[in-house]
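Peer 1: Here you go, upload.txt (compact mmCIF, C-alpha atoms):
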```
# COMPACT_ATOMS: atom_id res chain seq x y z
CA MET A 1 -33.61 21.07 -28.31
CA LYS A 2 -34.95 19.22 -25.29
CA ASN A 3 -34.05 15.93 -26.97
CA ILE A 4 -30.46 17.09 -27.46
CA TRP A 5 -30.14 17.95 -23.76
CA ASN A 6 -31.67 14.59 -22.83
CA LEU A 7 -29.21 12.85 -25.12
CA LEU A 8 -26.28 14.78 -23.64
CA PHE A 9 -27.41 13.98 -20.10
CA LEU A 10 -27.78 10.31 -20.99
CA SER A 11 -24.34 10.12 -22.57
CA ILE A 12 -22.74 11.71 -19.49
CA LEU A 13 -24.62 9.26 -17.25
CA VAL A 14 -23.52 6.28 -19.34
CA SER A 15 -19.92 7.46 -19.44
CA CYS A 16 -19.83 8.05 -15.64
CA THR A 17 -21.36 4.63 -14.95
CA ALA A 18 -18.93 2.93 -17.32
CA SER A 19 -16.01 4.78 -15.75
CA SER A 20 -16.90 3.78 -12.20
CA ARG A 21 -17.51 0.20 -13.29
CA ARG A 22 -14.01 -0.01 -14.73
CA TRP A 23 -12.48 0.52 -11.29
CA ASP A 24 -14.24 -2.07 -9.20
CA THR A 25 -13.01 -1.83 -5.66
CA SER A 26 -12.13 -4.78 -3.48
CA PRO A 27 -11.88 -5.06 0.29
CA ILE A 28 -8.63 -6.52 1.58
CA ALA A 29 -8.50 -9.74 3.58
CA ARG A 30 -8.42 -9.86 7.38
CA ASN A 31 -5.24 -11.05 9.04
CA GLU A 32 -5.70 -12.86 12.32
CA GLU A 33 -1.93 -12.98 12.85
CA LEU A 34 -1.25 -9.28 12.39
CA TYR A 35 2.02 -8.12 13.95
CA VAL A 36 1.48 -5.11 16.21
CA VAL A 37 4.47 -2.86 16.93
CA ASN A 38 3.97 -0.38 19.75
CA ILE A 39 6.82 2.06 19.21
CA ASP A 40 5.92 4.24 22.21
CA ASN A 41 6.54 1.32 24.57
CA ALA A 42 9.93 0.43 23.08
CA PRO A 43 12.86 1.64 25.22
CA ARG A 44 14.89 4.23 23.33
CA GLU A 45 18.53 3.23 22.86
CA ASP A 46 21.35 5.71 22.09
CA PHE A 47 22.13 3.77 18.94
CA ILE A 48 21.66 0.31 17.50
CA ASN A 49 24.56 -1.70 16.13
CA LEU A 50 23.76 -3.43 12.86
CA SER A 51 25.55 -6.57 14.08
CA SER A 52 23.17 -6.77 17.03
CA PHE A 53 20.31 -7.95 14.83
CA LEU A 54 21.90 -9.20 11.60
CA LEU A 55 23.32 -12.58 12.54
CA LEU A 56 26.60 -12.65 10.66
CA MET B 1 18.27 1.18 -12.24
CA ASP B 2 20.54 4.14 -12.93
CA SER B 3 18.40 7.27 -12.82
CA GLU B 4 21.30 9.73 -12.84
CA ILE B 5 23.85 9.07 -15.59
CA THR B 6 22.68 6.58 -18.22
CA GLU B 7 18.98 6.76 -17.21
CA THR B 8 18.67 3.10 -18.11
CA VAL B 9 18.63 -0.24 -16.32
CA LEU B 10 22.01 -1.98 -16.22
CA VAL B 11 22.62 -5.65 -15.48
CA PHE B 12 25.77 -6.84 -13.68
CA ASP B 13 26.85 -10.27 -12.48
CA LYS B 14 27.47 -10.93 -8.80
CA GLU B 15 31.15 -9.99 -9.19
CA GLY B 16 30.13 -6.56 -10.47
CA ARG B 17 30.98 -7.18 -14.15
CA PHE B 18 28.71 -5.29 -16.53
CA LEU B 19 26.60 -7.62 -18.69
CA HIS B 20 24.11 -5.52 -20.67
CA ARG B 21 21.50 -2.81 -20.62
CA ILE B 22 17.76 -3.32 -20.42
CA GLY B 23 16.07 -1.07 -23.00
CA GLN B 24 17.15 2.46 -23.77
CA ILE B 25 15.88 6.02 -23.97
CA GLY B 26 13.64 6.48 -27.00
CA GLN B 27 10.16 5.96 -28.30
CA GLY B 28 10.53 2.70 -30.21
CA PRO B 29 9.46 -0.77 -29.02
CA GLY B 30 10.92 -1.47 -25.59
CA GLU B 31 12.31 2.05 -25.31
CA TYR B 32 11.32 4.50 -22.62
CA ILE B 33 11.44 8.15 -21.54
CA ASP B 34 11.58 8.07 -17.74
CA ILE B 35 11.67 4.82 -15.79
CA THR B 36 10.42 5.34 -12.24
CA ASP B 37 10.28 1.76 -10.92
CA SER B 38 11.17 -1.84 -11.76
CA SER B 39 10.03 -5.28 -10.65
CA ILE B 40 11.39 -8.79 -11.17
CA ASP B 41 9.51 -12.01 -11.86
CA PHE B 42 12.09 -14.36 -10.32
CA GLU B 43 10.39 -17.48 -11.63
CA LYS B 44 10.52 -16.45 -15.30
CA LYS B 45 13.65 -14.26 -14.88
CA GLU B 46 11.86 -11.30 -16.40
CA ILE B 47 11.96 -7.64 -15.44
CA TYR B 48 9.14 -5.10 -15.68
CA LEU B 49 9.86 -1.37 -16.03
CA ILE B 50 7.27 1.39 -15.71
CA ASP B 51 7.69 4.41 -18.00
CA PHE B 52 5.85 7.17 -16.20
CA PRO B 53 5.35 9.66 -19.09
CA THR B 54 3.89 7.07 -21.49
CA ASN B 55 1.82 4.99 -19.02
CA MET B 56 3.58 1.91 -20.37
CA VAL B 57 4.99 -1.13 -18.56
CA HIS B 58 7.71 -2.89 -20.59
CA LYS B 59 8.80 -6.49 -20.02
CA TYR B 60 12.29 -7.89 -20.81
CA ASP B 61 14.23 -11.11 -20.35
CA ILE B 62 16.84 -10.37 -17.67
CA ILE B 63 19.45 -12.89 -18.87
CA SER B 64 19.52 -11.76 -22.53
CA GLY B 65 18.18 -8.23 -22.07
CA LYS B 66 15.75 -8.91 -24.89
CA PHE B 67 12.54 -6.89 -25.02
CA ILE B 68 9.42 -9.10 -24.74
CA ASN B 69 6.35 -6.85 -24.86
CA SER B 70 4.63 -3.79 -23.43
CA ILE B 71 1.29 -3.15 -21.84
CA TYR B 72 -0.51 0.13 -21.56
CA ILE B 73 -1.63 0.87 -18.03
CA ASP B 74 -5.01 2.31 -18.87
CA ARG B 75 -5.88 4.89 -16.25
CA ASP B 76 -8.00 7.88 -17.05
CA ASP B 77 -7.57 9.82 -13.85
CA PHE B 78 -4.49 8.33 -12.27
CA LYS B 79 -0.73 8.63 -12.47
CA SER B 80 1.66 5.97 -11.21
CA TYR B 81 5.34 6.26 -10.30
CA PHE B 82 5.75 2.95 -8.52
CA MET B 83 4.85 -0.53 -9.73
CA GLN B 84 5.39 -4.20 -8.83
CA TYR B 85 4.65 -7.53 -10.47
CA VAL B 86 3.02 -10.27 -8.36
CA ASN B 87 1.75 -13.56 -9.76
CA GLY B 88 0.43 -12.40 -13.16
CA LYS B 89 -0.67 -9.01 -11.92
CA ILE B 90 0.81 -5.52 -11.96
CA TYR B 91 0.19 -3.38 -8.90
CA THR B 92 0.67 0.37 -9.12
CA SER B 93 0.69 2.97 -6.39
CA THR B 94 -1.61 5.58 -7.86
CA ILE B 95 -2.31 9.20 -7.28
CA PRO B 96 -5.45 10.73 -8.79
CA TYR B 97 -5.01 13.80 -10.99
CA PHE B 98 -7.90 15.35 -9.11
CA GLY B 99 -7.87 14.18 -5.51
CA THR B 100 -11.08 12.88 -4.04
CA ASP B 101 -11.68 11.38 -0.63
CA ASP B 102 -12.92 8.11 -2.04
CA SER B 103 -9.89 7.43 -4.24
CA PHE B 104 -7.71 4.36 -3.78
CA LEU B 105 -3.98 4.01 -3.22
CA LEU B 106 -3.36 0.70 -4.98
CA GLN B 107 -4.53 -0.46 -8.42
CA GLU B 108 -4.31 -3.97 -9.83
CA PHE B 109 -3.88 -4.68 -13.57
CA ASN B 110 -3.69 -7.86 -15.63
CA ALA B 111 0.03 -8.18 -16.45
CA SER B 112 -0.68 -9.65 -19.91
CA THR B 113 -3.34 -7.24 -21.14
CA GLY B 114 -2.94 -4.14 -18.97
CA ASN B 115 -6.67 -4.25 -18.19
CA PRO B 116 -7.53 -2.81 -14.79
CA LYS B 117 -8.82 -5.42 -12.36
CA SER B 118 -9.37 -3.85 -8.99
CA SER B 119 -8.65 -0.99 -6.61
CA TYR B 120 -7.54 -1.39 -3.03
CA LEU B 121 -6.86 0.71 0.06
CA ASN B 122 -9.12 3.70 0.35
CA ALA B 123 -7.00 6.81 0.99
CA SER B 124 -9.32 8.00 3.77
CA ALA B 125 -9.08 4.75 5.69
CA TYR B 126 -5.44 3.85 5.04
CA ASN B 127 -3.48 7.06 4.39
CA LYS B 128 -5.21 9.51 6.73
CA GLY B 129 -7.03 11.01 3.75
CA TRP B 130 -3.91 11.89 1.73
CA ASN B 131 -4.14 10.89 -1.91
CA ASP B 132 -1.86 13.43 -3.52
CA PHE B 133 1.77 13.41 -4.59
CA TYR B 134 4.25 12.93 -1.73
CA SER B 135 7.09 10.77 -2.90
CA ARG B 136 10.25 9.32 -1.44
CA SER B 137 13.39 7.91 -2.99
CA ASP B 138 12.87 4.26 -2.08
CA GLY B 139 9.28 4.14 -3.32
CA PHE B 140 6.28 2.55 -1.63
CA PHE B 141 6.85 -1.11 -2.53
CA TYR B 142 9.30 -3.45 -0.76
CA PRO B 143 9.68 -6.75 -2.66
CA ASN B 144 10.82 -10.00 -1.10
CA GLU B 145 12.51 -12.97 -2.74
CA ASP B 146 9.51 -15.23 -2.06
CA GLY B 147 7.45 -13.15 -4.50
CA SER B 148 5.52 -11.24 -1.85
CA ILE B 149 5.53 -7.45 -1.66
CA LYS B 150 5.08 -5.07 1.24
CA TYR B 151 3.35 -1.78 0.50
CA ILE B 152 3.57 1.37 2.65
CA GLN B 153 2.44 4.87 1.66
CA MET B 154 3.72 8.04 3.38
CA PHE B 155 1.13 8.34 6.14
CA MET B 156 0.03 4.73 6.56
CA ASP B 157 0.36 3.12 9.99
CA THR B 158 -0.17 -0.36 8.54
CA VAL B 159 2.19 -2.34 6.35
CA ILE B 160 0.21 -4.17 3.67
CA SER B 161 1.28 -7.56 2.31
CA ILE B 162 0.58 -8.48 -1.34
CA ARG B 163 1.06 -12.18 -2.01
CA ASN B 164 -0.45 -14.26 -4.83
CA ASP B 165 -4.16 -13.45 -4.65
CA GLU B 166 -4.07 -12.17 -1.12
CA ILE B 167 -3.80 -8.56 0.02
CA MET B 168 -3.92 -8.07 3.77
CA PRO B 169 -2.56 -6.01 6.65
CA TYR B 170 0.77 -7.47 7.79
CA LEU B 171 2.08 -5.22 10.53
CA ALA B 172 0.40 -2.35 12.39
CA ILE B 173 2.24 0.51 14.11
CA LYS B 174 0.80 1.81 17.34
CA SER B 175 1.83 5.26 18.57
CA LYS B 176 -0.08 8.08 20.19
CA ASN B 177 1.97 10.46 18.05
CA TRP B 178 1.04 8.92 14.71
CA ILE B 179 -0.08 11.54 12.19
CA THR B 180 -3.82 12.27 12.21
CA GLU B 181 -6.46 13.23 9.65
CA LYS B 182 -6.31 16.76 11.13
CA ASP B 183 -2.57 17.08 10.30
CA ILE B 184 -3.30 15.91 6.76
CA GLN B 185 -6.18 18.37 6.44
CA ASP B 186 -3.77 21.17 7.43
CA LEU B 187 -1.33 19.94 4.77
CA ILE B 188 -4.06 19.95 2.12
CA GLU B 189 -5.22 23.44 3.13
CA TYR B 190 -1.62 24.72 3.01
CA LYS B 191 -1.19 23.32 -0.48
CA ILE B 192 -4.43 24.91 -1.69
CA ALA B 193 -3.53 28.28 -0.11
CA ASN B 194 -0.08 28.20 -1.72
CA GLU B 195 -1.27 27.33 -5.20
CA GLY B 196 -0.16 23.73 -5.17
CA THR B 197 3.17 24.13 -3.38
CA LEU B 198 3.75 21.41 -0.82
CA SER B 199 5.71 22.25 2.34
CA HIS B 200 7.24 19.49 4.41
CA GLU B 201 7.91 22.03 7.15
CA ILE B 202 4.28 22.19 8.14
CA LEU B 203 4.68 18.61 9.37
CA PHE B 204 8.30 18.84 10.56
CA GLY B 205 7.41 21.31 13.30
CA ARG B 206 4.91 18.96 14.87
CA ASN B 207 5.34 16.18 17.39
CA ILE B 208 4.08 13.54 14.97
CA SER B 209 5.29 10.30 13.42
CA TYR B 210 4.89 9.08 9.84
CA ASN B 211 6.82 7.89 6.74
CA ILE B 212 7.83 4.27 7.36
CA ASN B 213 10.64 3.70 4.87
CA HIS B 214 13.62 1.47 3.99
CA TYR B 215 11.56 -1.43 5.26
CA PHE B 216 12.81 -4.99 5.13
CA ASP B 217 11.62 -8.26 6.47
CA LEU B 218 13.86 -11.24 7.30
CA ASP B 219 13.01 -14.56 8.94
CA ASN B 220 12.81 -13.29 12.47
CA ILE B 221 13.01 -9.51 12.24
CA VAL B 222 11.38 -6.49 10.65
CA TYR B 223 13.48 -3.36 10.13
CA PHE B 224 12.26 0.09 9.20
CA GLN B 225 12.95 3.76 9.62
CA TYR B 226 10.31 6.42 10.24
CA LEU B 227 10.09 10.12 10.94
CA ASN B 228 9.39 11.22 14.50
CA SER B 229 9.10 14.98 15.14
CA GLY B 230 11.11 15.61 11.97
CA ASN B 231 13.95 13.21 12.91
CA MET B 232 14.62 9.75 11.55
CA GLU B 233 14.27 6.88 14.01
CA PHE B 234 15.28 3.26 13.52
CA VAL B 235 13.15 0.31 14.61
CA ILE B 236 13.90 -3.40 14.84
CA TYR B 237 10.96 -5.63 15.65
CA ASN B 238 11.57 -9.25 16.60
CA LYS B 239 8.69 -11.35 15.30
CA GLU B 240 9.55 -14.38 17.43
CA ASN B 241 9.50 -12.78 20.85
CA ASN B 242 7.39 -9.69 19.99
CA THR B 243 9.99 -7.19 21.22
CA THR B 244 10.76 -3.78 19.72
CA ARG B 245 13.96 -1.73 19.77
CA ARG B 246 14.30 1.86 18.60
CA ALA B 247 17.08 4.45 18.43
CA ASP B 248 18.03 7.76 16.83
CA PHE B 249 21.07 6.19 15.16
CA LEU B 250 21.88 2.99 13.38
CA LYS B 251 25.58 2.22 13.49
CA ASP B 252 26.97 0.09 10.68
CA ASP B 253 29.57 -1.86 12.66
CA ILE B 254 29.69 -4.56 9.98
CA VAL B 255 31.32 -2.48 7.22
CA TYR B 256 33.01 0.11 9.47
CA ASN B 257 35.11 -0.34 12.61
CA GLY B 258 35.22 3.12 14.14
CA ASP B 259 33.19 6.20 14.92
CA TRP B 260 32.94 7.23 11.26
CA PHE B 261 30.42 5.38 9.19
CA LEU B 262 27.79 5.87 6.51
CA LEU B 263 24.19 4.93 7.09
CA PRO B 264 23.31 1.91 4.91
CA SER B 265 20.44 2.48 2.47
CA PHE B 266 18.67 -0.86 2.57
CA ALA B 267 17.02 -1.75 -0.70
CA TYR B 268 16.00 -5.37 -0.84
CA ALA B 269 16.02 -8.49 1.36
CA ASP B 270 16.19 -12.10 0.24
CA SER B 271 15.87 -15.19 2.41
CA LYS B 272 19.47 -15.01 3.60
CA GLY B 273 20.23 -11.33 4.00
CA VAL B 274 19.74 -7.75 2.91
CA TYR B 275 21.24 -5.52 0.21
CA SER B 276 22.16 -1.86 0.62
CA TYR B 277 23.67 0.62 -1.79
CA LEU B 278 26.21 3.41 -1.72
CA LYS B 279 25.53 6.16 -4.25
CA THR B 280 28.28 7.67 -6.43
CA GLU B 281 28.01 10.94 -4.49
CA GLN B 282 28.80 9.03 -1.24
CA ILE B 283 31.96 7.37 -2.61
CA PRO B 284 34.42 10.22 -1.71
CA ARG B 285 33.24 10.12 1.94
CA PHE B 286 33.45 6.33 1.92
CA LEU B 287 37.03 6.48 0.61
CA GLU B 288 37.96 9.04 3.26
CA ILE B 289 36.82 6.57 5.93
CA ALA B 290 38.55 3.68 4.13
CA TYR B 291 41.90 5.56 3.91
CA SER B 292 41.66 6.28 7.67
CA ASP B 293 41.60 2.53 8.23
CA GLY B 294 37.90 2.74 9.09
CA LEU B 295 36.80 -0.43 7.28
CA ASN B 296 36.49 -3.69 9.17
CA ALA B 297 39.47 -5.99 8.62
CA ASP B 298 37.33 -8.98 7.62
CA LEU B 299 35.18 -7.03 5.15
CA ASP B 300 34.96 -8.91 1.85
CA LYS B 301 36.84 -7.19 -1.04
CA ARG B 302 38.20 -4.58 1.38
CA ASP B 303 41.27 -3.79 -0.74
CA LEU B 304 39.18 -3.52 -3.88
CA LEU B 305 36.87 -1.04 -2.15
CA LYS B 306 39.84 1.06 -0.99
CA GLY B 307 40.97 1.31 -4.62
CA LEU B 308 37.68 2.67 -5.96
CA PRO B 309 37.88 5.86 -8.04
CA GLU B 310 36.02 8.82 -6.50
CA ASP B 311 33.52 8.78 -9.37
CA SER B 312 32.95 5.04 -9.11
CA ASN B 313 29.67 3.40 -10.00
CA PRO B 314 27.42 2.86 -6.99
CA VAL B 315 28.46 -0.01 -4.72
CA ILE B 316 26.04 -2.69 -3.55
CA PHE B 317 26.68 -4.34 -0.18
CA TYR B 318 25.18 -7.64 0.90
CA TYR B 319 24.64 -8.21 4.62
CA SER B 320 24.26 -11.93 5.11
CA ASN B 321 21.90 -13.06 7.86
CA ARG B 322 23.03 -16.63 8.43
```
Taking this structure as input, can you express it in the form of structure tokens?

Peer 2:
Amino acid sequence: MKNIWNLLFLSILVSCTASSRRWDTSPIARNEELYVVNIDNAPREDFINLSSFLLL
Amino acid sequence: MDSEITETVLVFDKEGRFLHRIGQIGQGPGEYIDITDSSIDFEKKEIYLIDFPTNMVHKYDIISGKFINSIYIDRDDFKSYFMQYVNGKIYTSTIPYFGTDDSFLLQEFNASTGNPKSSYLNASAYNKGWNDFYSRSDGFFYPNEDGSIKYIQMFMDTVISIRNDEIMPYLAIKSKNWITEKDIQDLIEYKIANEGTLSHEILFGRNISYNINHYFDLDNIVYFQYLNSGNMEFVIYNKENNTTRRADFLKDDIVYNGDWFLLPSFAYADSKGVYSYLKTEQIPRFLEIAYSDGLNADLDKRDLLKGLPEDSNPVIFYYSNR
């Protein structure tokens, strides 16, 4: 009986290890030229015309 | 991608003439049940469609509409609604079936085999701890003609760029009102207390900002909308001189000439401009404005637009940025 429980425990361990190995995680790269947009500091306009920033 | 009437992907030429369908509803090769996102490989002129119920990504030739092959997105504990192709890889925005704090928002698969390659963007670090379903109509991916993709989840304050083999932060939003981990914890607790029902109102009543959406990126500007205290705000950031504009309204003075106008739903930007779409349900209101002489006199195909039937197919506008 003890052997069966050991076997079950081992199979769960193997399956969990395999599962986590399948989803290796990767850090993302650093960006030294990151754009930073401070929306609190931007003056609030009543409205923005589309033609004021799309250069037709 | 027509999710309402034909539930298929339809291909038109630039004059709006129907060419062919891509795939169809069914369970045979190249058929699908519910397409939730699409992505184009501009170099090979191929289109990828993700079929949410079957975990399959199908690939077709855009010009002929011919089905090429399918891959199975193998994911034991994840579901994906949104997907993009970048340089031989498929990226999906994933939500775990059983949320855990250490789960990731972005998964990378081999586009030929469907084998998982990597996971990126820890939900705790990048989405204030939210890793559950919270969708929006324009998805989380914003593709660009140069093959790069921008990725933004609901509560992220950083726009992520995916390009070739490089994934990195591209643009960071700074605001003292940006949603916090505490707000998200309240949202999670509400959902648990209400047996899985999600209420947007718990966030709407707060003086917080989140949900960057309808994002596009042109040579010199970045445009996006976001929610601030429950209201939509519009932001234009000039990359050259590092200035930011924001307003409660965006007025489309390019298509319309008066006080009545419809808000453009921006979908995709190429190197020379940006596309927006008008849904079928918006056509009657559009025609009302058109009949009241509310369209700009120099608008291309103005007379054709005025003659649209009320149940017309959606209309795609192109705003050129010369």

Peer 1: Against chain B, which residues of chain A fall within 6 Å? For each one I want the closest pair of atoms and the distance in Å (one decimal), counting all atoms listed in the file, rows by chain and increasing residue number, as a tab-separated table.

Peer 2:
```
residue	atom	partner	partner_atom	distance
A:Trp23	CA	B:Ser118	CA	5.8
A:Asp24	CA	B:Ser118	CA	5.2
A:Thr25	CA	B:Ser119	CA	4.5
A:Ser26	CA	B:Tyr120	CA	5.7
A:Ile28	CA	B:Met168	CA	5.4
A:Ala29	CA	B:Met168	CA	4.9
A:Leu34	CA	B:Tyr170	CA	5.3
A:Tyr35	CA	B:Leu171	CA	4.5
A:Val36	CA	B:Ala172	CA	4.8
A:Val37	CA	B:Ile173	CA	4.9
A:Asn38	CA	B:Lys174	CA	4.5
A:Ile39	CA	B:Ser175	CA	6.0
A:Asp40	CA	B:Ser175	CA	5.6
A:Ala42	CA	B:Thr244	CA	5.5
A:Arg44	CA	B:Arg246	CA	5.3
A:Glu45	CA	B:Ala247	CA	4.8
A:Asp46	CA	B:Ala247	CA	5.8
A:Phe47	CA	B:Phe249	CA	4.6
A:Ile48	CA	B:Leu250	CA	4.9
A:Asn49	CA	B:Lys251	CA	4.8
A:Leu50	CA	B:Asp252	CA	5.2
A:Leu54	CA	B:Asn321	CA	5.4
A:Leu55	CA	B:Asn321	CA	4.9
A:Leu56	CA	B:Asn321	CA	5.5
```

Peer 1: In Å, rounded to a single decimal, give me how far atom CA of B:Asp138 is from atom CA of B:Thr94.

Peer 2: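 Computed distance, atom CA of B:Thr94 to atom CA of B:Asp138, equals 15.6 Å.
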
Peer 1: To one decimal place in Å, what is the distance between atom CA of B:His58 and atom CA of B:Glu4?

Peer 2: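 That distance, rounded to one decimal, is 20.1 Å.
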
Peer 1: Report, in Å to a single decimal, how far apart atom CA of B:Phe140 and atom CA of B:Phe224 are.

Peer 2: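 Answer for the atom CA of B:Phe224 to atom CA of B:Phe140 separation: 12.6 Å.
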
Peer 1: With all atoms listed in the file as the counted atoms, please give the residues lying no more than 8 Å from B:Ile90, apart from itself and same-chain residues fewer than 2 positions off, as an MDAnalysis selection string.

Peer 2: chainID B and resid 83:86 88 92 108:111

Peer 1: Compile the contact shell of B:Asn55 as a CSV table (one decimal) with C-alpha atoms, in the frame of the given file: residues with an atom at most 12 Å away, counting only C-alpha atoms, same-chain residues fewer than 5 positions apart removed.

Peer 2:
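Contents of the output file result26.csv:
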```csv
chain,number,residue,atom,x,y,z
B,32,TYR,CA,11.3,4.5,-22.6
B,33,ILE,CA,11.4,8.2,-21.5
B,34,ASP,CA,11.6,8.1,-17.7
B,35,ILE,CA,11.7,4.8,-15.8
B,36,THR,CA,10.4,5.3,-12.2
B,49,LEU,CA,9.9,-1.4,-16.0
B,50,ILE,CA,7.3,1.4,-15.7
B,70,SER,CA,4.6,-3.8,-23.4
B,71,ILE,CA,1.3,-3.2,-21.8
B,72,TYR,CA,-0.5,0.1,-21.6
B,73,ILE,CA,-1.6,0.9,-18.0
B,74,ASP,CA,-5.0,2.3,-18.9
B,75,ARG,CA,-5.9,4.9,-16.2
B,76,ASP,CA,-8.0,7.9,-17.0
B,77,ASP,CA,-7.6,9.8,-13.8
B,78,PHE,CA,-4.5,8.3,-12.3
B,79,LYS,CA,-0.7,8.6,-12.5
B,80,SER,CA,1.7,6.0,-11.2
B,81,TYR,CA,5.3,6.3,-10.3
B,82,PHE,CA,5.8,3.0,-8.5
B,83,MET,CA,4.8,-0.5,-9.7
B,92,THR,CA,0.7,0.4,-9.1
B,94,THR,CA,-1.6,5.6,-7.9
B,114,GLY,CA,-2.9,-4.1,-19.0
```

Peer 1: In terms of the shortest atom-to-atom distance over only C-alpha atoms, which of B:Met232, B:Met56, B:Ile95, B:Ile316 is closest to B:Phe133?

Peer 2: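 Of B:Met232, B:Met56, B:Ile95, B:Ile316, the one nearest B:Phe133 is B:Ile95, counting only C-alpha atoms.
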